[in-house]
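**Student:** Sharing my_file_35.pdb below, PDB, N, CA and C atoms:
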```
MODEL        1
ATOM      1  N   MET A   1      73.917  -1.262  23.010
ATOM      2  CA  MET A   1      73.756   0.043  23.611
ATOM      3  C   MET A   1      72.287   0.239  23.954
ATOM      4  N   GLY A   2      71.987   0.866  25.071
ATOM      5  CA  GLY A   2      70.617   1.056  25.538
ATOM      6  C   GLY A   2      69.948   2.249  24.894
ATOM      7  N   VAL A   3      68.767   2.529  25.360
ATOM      8  CA  VAL A   3      67.961   3.625  24.838
ATOM      9  C   VAL A   3      68.300   4.901  25.595
ATOM     10  N   LEU A   4      68.435   5.994  24.856
ATOM     11  CA  LEU A   4      68.730   7.279  25.476
ATOM     12  C   LEU A   4      67.581   8.240  25.228
ATOM     13  N   THR A   5      67.237   9.032  26.240
ATOM     14  CA  THR A   5      66.221  10.064  26.050
ATOM     15  C   THR A   5      66.920  11.311  25.537
ATOM     16  N   ASP A   6      66.152  12.377  25.313
ATOM     17  CA  ASP A   6      66.763  13.607  24.837
ATOM     18  C   ASP A   6      67.734  14.188  25.858
ATOM     19  N   ALA A   7      67.637  13.780  27.109
ATOM     20  CA  ALA A   7      68.581  14.227  28.137
ATOM     21  C   ALA A   7      69.786  13.288  28.209
ATOM     22  N   ARG A   8      69.897  12.366  27.271
ATOM     23  CA  ARG A   8      70.983  11.373  27.192
ATOM     24  C   ARG A   8      70.994  10.475  28.432
ATOM     25  N   LYS A   9      69.838  10.195  28.958
ATOM     26  CA  LYS A   9      69.691   9.332  30.132
ATOM     27  C   LYS A   9      69.302   7.931  29.674
ATOM     28  N   HIS A  10      69.927   6.936  30.216
ATOM     29  CA  HIS A  10      69.630   5.542  29.898
ATOM     30  C   HIS A  10      68.348   5.146  30.632
ATOM     31  N   VAL A  11      67.324   4.723  29.898
ATOM     32  CA  VAL A  11      66.031   4.382  30.496
ATOM     33  C   VAL A  11      65.903   2.860  30.530
ATOM     34  N   TYR A  12      65.996   2.293  31.725
ATOM     35  CA  TYR A  12      66.021   0.835  31.840
ATOM     36  C   TYR A  12      64.726   0.176  31.379
ATOM     37  N   GLN A  13      63.579   0.852  31.519
ATOM     38  CA  GLN A  13      62.315   0.273  31.083
ATOM     39  C   GLN A  13      62.245   0.128  29.563
ATOM     40  N   LEU A  14      63.024   0.906  28.854
ATOM     41  CA  LEU A  14      62.994   0.883  27.396
ATOM     42  C   LEU A  14      64.201   0.180  26.776
ATOM     43  N   CYS A  15      65.146  -0.219  27.599
ATOM     44  CA  CYS A  15      66.376  -0.841  27.096
ATOM     45  C   CYS A  15      66.049  -2.195  26.468
ATOM     46  N   ARG A  16      66.452  -2.391  25.221
ATOM     47  CA  ARG A  16      66.204  -3.649  24.505
ATOM     48  C   ARG A  16      67.503  -4.390  24.194
ATOM     49  N   ASP A  17      68.594  -3.913  24.773
ATOM     50  CA  ASP A  17      69.902  -4.527  24.560
ATOM     51  C   ASP A  17      70.042  -5.739  25.472
ATOM     52  N   ASP A  18      69.991  -6.940  24.904
ATOM     53  CA  ASP A  18      70.089  -8.161  25.699
ATOM     54  C   ASP A  18      71.434  -8.316  26.395
ATOM     55  N   LEU A  19      72.435  -7.605  25.929
ATOM     56  CA  LEU A  19      73.769  -7.708  26.522
ATOM     57  C   LEU A  19      74.087  -6.544  27.459
ATOM     58  N   CYS A  20      73.133  -5.665  27.703
ATOM     59  CA  CYS A  20      73.361  -4.507  28.575
ATOM     60  C   CYS A  20      73.686  -5.003  29.982
ATOM     61  N   GLN A  21      74.748  -4.498  30.553
ATOM     62  CA  GLN A  21      75.199  -4.935  31.868
ATOM     63  C   GLN A  21      74.770  -4.016  33.006
ATOM     64  N   ARG A  22      73.996  -2.989  32.710
ATOM     65  CA  ARG A  22      73.527  -2.112  33.778
ATOM     66  C   ARG A  22      72.607  -2.900  34.703
ATOM     67  N   PHE A  23      72.818  -2.722  35.997
ATOM     68  CA  PHE A  23      72.064  -3.481  36.987
ATOM     69  C   PHE A  23      70.557  -3.274  36.822
ATOM     70  N   ALA A  24      70.129  -2.030  36.696
ATOM     71  CA  ALA A  24      68.695  -1.734  36.573
ATOM     72  C   ALA A  24      68.091  -2.420  35.352
ATOM     73  N   CYS A  25      68.804  -2.440  34.261
ATOM     74  CA  CYS A  25      68.309  -3.082  33.037
ATOM     75  C   CYS A  25      68.187  -4.593  33.226
ATOM     76  N   ARG A  26      69.188  -5.192  33.842
ATOM     77  CA  ARG A  26      69.172  -6.643  34.036
ATOM     78  C   ARG A  26      68.041  -7.080  34.949
ATOM     79  N   VAL A  27      67.870  -6.396  36.088
ATOM     80  CA  VAL A  27      66.836  -6.827  37.028
ATOM     81  C   VAL A  27      65.437  -6.518  36.493
ATOM     82  N   TYR A  28      65.296  -5.426  35.741
ATOM     83  CA  TYR A  28      63.999  -5.103  35.146
ATOM     84  C   TYR A  28      63.604  -6.183  34.141
ATOM     85  N   LYS A  29      64.536  -6.574  33.287
ATOM     86  CA  LYS A  29      64.257  -7.602  32.284
ATOM     87  C   LYS A  29      63.952  -8.944  32.946
ATOM     88  N   GLU A  30      64.708  -9.274  33.987
ATOM     89  CA  GLU A  30      64.479 -10.526  34.701
ATOM     90  C   GLU A  30      63.080 -10.538  35.331
ATOM     91  N   GLY A  31      62.704  -9.446  35.971
ATOM     92  CA  GLY A  31      61.376  -9.352  36.576
ATOM     93  C   GLY A  31      60.277  -9.402  35.537
ATOM     94  N   TYR A  32      60.495  -8.737  34.423
ATOM     95  CA  TYR A  32      59.502  -8.725  33.343
ATOM     96  C   TYR A  32      59.287 -10.136  32.800
ATOM     97  N   ILE A  33      60.368 -10.834  32.538
ATOM     98  CA  ILE A  33      60.277 -12.194  32.002
ATOM     99  C   ILE A  33      59.615 -13.129  33.003
ATOM    100  N   ASN A  34      60.038 -13.059  34.271
ATOM    101  CA  ASN A  34      59.448 -13.927  35.290
ATOM    102  C   ASN A  34      57.963 -13.641  35.481
ATOM    103  N   GLY A  35      57.593 -12.380  35.471
ATOM    104  CA  GLY A  35      56.187 -12.014  35.600
ATOM    105  C   GLY A  35      55.364 -12.491  34.422
ATOM    106  N   LYS A  36      55.928 -12.366  33.244
ATOM    107  CA  LYS A  36      55.216 -12.811  32.037
ATOM    108  C   LYS A  36      55.015 -14.326  32.060
ATOM    109  N   LEU A  37      56.044 -15.063  32.436
ATOM    110  CA  LEU A  37      55.936 -16.520  32.496
ATOM    111  C   LEU A  37      54.956 -16.959  33.575
ATOM    112  N   ALA A  38      54.988 -16.297  34.727
ATOM    113  CA  ALA A  38      54.065 -16.647  35.810
ATOM    114  C   ALA A  38      52.627 -16.347  35.402
ATOM    115  N   GLY A  39      52.418 -15.231  34.744
ATOM    116  CA  GLY A  39      51.081 -14.875  34.285
ATOM    117  C   GLY A  39      50.565 -15.845  33.242
ATOM    118  N   ARG A  40      51.449 -16.258  32.371
ATOM    119  CA  ARG A  40      51.067 -17.223  31.324
ATOM    120  C   ARG A  40      50.685 -18.563  31.955
ATOM    121  N   ALA A  41      51.464 -19.014  32.940
ATOM    122  CA  ALA A  41      51.175 -20.285  33.602
ATOM    123  C   ALA A  41      49.853 -20.207  34.363
ATOM    124  N   GLU A  42      49.614 -19.094  35.039
ATOM    125  CA  GLU A  42      48.373 -18.926  35.788
ATOM    126  C   GLU A  42      47.172 -18.896  34.839
ATOM    127  N   GLY A  43      47.305 -18.171  33.760
ATOM    128  CA  GLY A  43      46.223 -18.102  32.780
ATOM    129  C   GLY A  43      45.937 -19.451  32.150
ATOM    130  N   ARG A  44      46.988 -20.192  31.875
ATOM    131  CA  ARG A  44      46.795 -21.520  31.276
ATOM    132  C   ARG A  44      46.090 -22.449  32.250
ATOM    133  N   ALA A  45      46.489 -22.408  33.518
ATOM    134  CA  ALA A  45      45.862 -23.267  34.523
ATOM    135  C   ALA A  45      44.384 -22.937  34.661
ATOM    136  N   GLU A  46      44.057 -21.648  34.679
ATOM    137  CA  GLU A  46      42.653 -21.248  34.778
ATOM    138  C   GLU A  46      41.871 -21.691  33.543
ATOM    139  N   SER A  47      42.452 -21.503  32.381
ATOM    140  CA  SER A  47      41.776 -21.885  31.139
ATOM    141  C   SER A  47      41.572 -23.388  31.045
ATOM    142  N   GLU A  48      42.570 -24.142  31.447
ATOM    143  CA  GLU A  48      42.435 -25.597  31.402
ATOM    144  C   GLU A  48      41.366 -26.073  32.375
ATOM    145  N   ALA A  49      41.284 -25.447  33.532
ATOM    146  CA  ALA A  49      40.262 -25.824  34.504
ATOM    147  C   ALA A  49      38.867 -25.550  33.952
ATOM    148  N   ILE A  50      38.698 -24.407  33.316
ATOM    149  CA  ILE A  50      37.402 -24.063  32.726
ATOM    150  C   ILE A  50      37.069 -25.039  31.595
ATOM    151  N   GLY A  51      38.042 -25.281  30.736
ATOM    152  CA  GLY A  51      37.830 -26.191  29.608
ATOM    153  C   GLY A  51      37.552 -27.613  30.058
ATOM    154  N   TYR A  52      38.231 -28.069  31.080
ATOM    155  CA  TYR A  52      38.019 -29.422  31.591
ATOM    156  C   TYR A  52      36.607 -29.564  32.128
ATOM    157  N   ASP A  53      36.179 -28.583  32.922
ATOM    158  CA  ASP A  53      34.836 -28.632  33.494
ATOM    159  C   ASP A  53      33.769 -28.690  32.404
ATOM    160  N   LYS A  54      33.924 -27.857  31.375
ATOM    161  CA  LYS A  54      32.949 -27.837  30.288
ATOM    162  C   LYS A  54      33.002 -29.142  29.490
ATOM    163  N   GLY A  55      34.207 -29.600  29.192
ATOM    164  CA  GLY A  55      34.363 -30.824  28.406
ATOM    165  C   GLY A  55      33.865 -32.052  29.147
ATOM    166  N   TYR A  56      34.137 -32.133  30.436
ATOM    167  CA  TYR A  56      33.684 -33.277  31.222
ATOM    168  C   TYR A  56      32.169 -33.311  31.287
ATOM    169  N   SER A  57      31.564 -32.144  31.539
ATOM    170  CA  SER A  57      30.098 -32.065  31.611
ATOM    171  C   SER A  57      29.464 -32.482  30.288
ATOM    172  N   ALA A  58      30.005 -31.974  29.191
ATOM    173  CA  ALA A  58      29.462 -32.310  27.867
ATOM    174  C   ALA A  58      29.643 -33.790  27.569
ATOM    175  N   GLY A  59      30.769 -34.347  27.905
ATOM    176  CA  GLY A  59      31.026 -35.767  27.662
ATOM    177  C   GLY A  59      30.112 -36.646  28.490
ATOM    178  N   ALA A  60      29.943 -36.290  29.754
ATOM    179  CA  ALA A  60      29.071 -37.083  30.629
ATOM    180  C   ALA A  60      27.630 -37.019  30.156
ATOM    181  N   ALA A  61      27.197 -35.842  29.709
ATOM    182  CA  ALA A  61      25.831 -35.681  29.220
ATOM    183  C   ALA A  61      25.585 -36.500  27.959
ATOM    184  N   SER A  62      26.601 -36.618  27.124
ATOM    185  CA  SER A  62      26.436 -37.349  25.859
ATOM    186  C   SER A  62      26.375 -38.865  26.069
ATOM    187  N   CYS A  63      26.789 -39.333  27.225
ATOM    188  CA  CYS A  63      26.783 -40.769  27.499
ATOM    189  C   CYS A  63      25.409 -41.287  27.937
ATOM    190  N   GLY A  64      24.547 -40.390  28.284
ATOM    191  CA  GLY A  64      23.210 -40.812  28.706
ATOM    192  C   GLY A  64      23.249 -41.397  30.099
ATOM    193  N   ASP A  65      22.370 -42.331  30.370
ATOM    194  CA  ASP A  65      22.263 -42.922  31.702
ATOM    195  C   ASP A  65      23.272 -44.036  31.936
ATOM    196  N   GLY A  66      23.982 -44.430  30.890
ATOM    197  CA  GLY A  66      25.041 -45.415  31.026
ATOM    198  C   GLY A  66      24.545 -46.764  31.127
TER     199      GLY A  66
ENDMDL
END
```
For the structure just supplied, provide its representation as structure tokens.

**Tutor:**
Amino acid sequence: MGVLTDARKHVYQLCRDDLCQRFACRVYKEGYINGKLAGRAEGRAESEAIGYDKGYSAGAASCGDG
């Protein structure tokens, strides 16, 4: 069962029922999950790029003139 406000209205943004079949609840949850996963992937890619650049520079510097 979903979340009800004092007006007994089902609020899709607050619905935590994984089995709720209301269209608004399903598409909101799907969008939320997809957005969260996309944001996580983007953040990881940016972080890895920053870390790689720093790690490569430090490693190359530690090797000296070769």

**Student:** Quote the spacing between atom CA of A:Gly39 and atom CA of A:Gly55 in Å to one decimal place.

**Tutor:**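 That distance, rounded to one decimal, is 23.8 Å.
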
**Student:** What gap, in Å, lies between atom C of A:Gly35 and atom CA of A:Tyr52?

**Tutor:**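 Distance between the two atoms: 24.4 Å.
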
**Student:** Could you work out how far atom N of A:Asn34 lies from atom N of A:Arg16, giving the answer in Å with one decimal?

**Tutor:**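 Taking atom N of A:Arg16 and atom N of A:Asn34, their separation equals 15.4 Å.
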
**Student:** Taking the DSSP secondary structure from the backbone, can you list the residues of chain A that are alpha helix (DSSP H), as a PyMOL selection string?

**Tutor:** chain A and resi 23-62

**Student:** Need the shell around A:Arg26: protein/DNA/RNA residues with any atom at most 10 Å away, counting only C-alpha atoms. Skip same-chain ones fewer than 5 positions apart. Format as a list in words?

**Tutor:**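 Result of the neighbour search: Tyr12, Cys15, Asp17, Asp18, Leu19, Cys20, Gln21, Gly31 and Tyr32 of chain A.
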
**Student:** Go through A:Leu37, A:Glu48, A:Lys54, A:His10 one by one, measure the shortest atom-to-atom distance of each to A:Ala24 using only C-alpha atoms, and give the residue with the smallest value.

**Tutor:**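 That would be A:His10, the residue with the smallest distance to A:Ala24.
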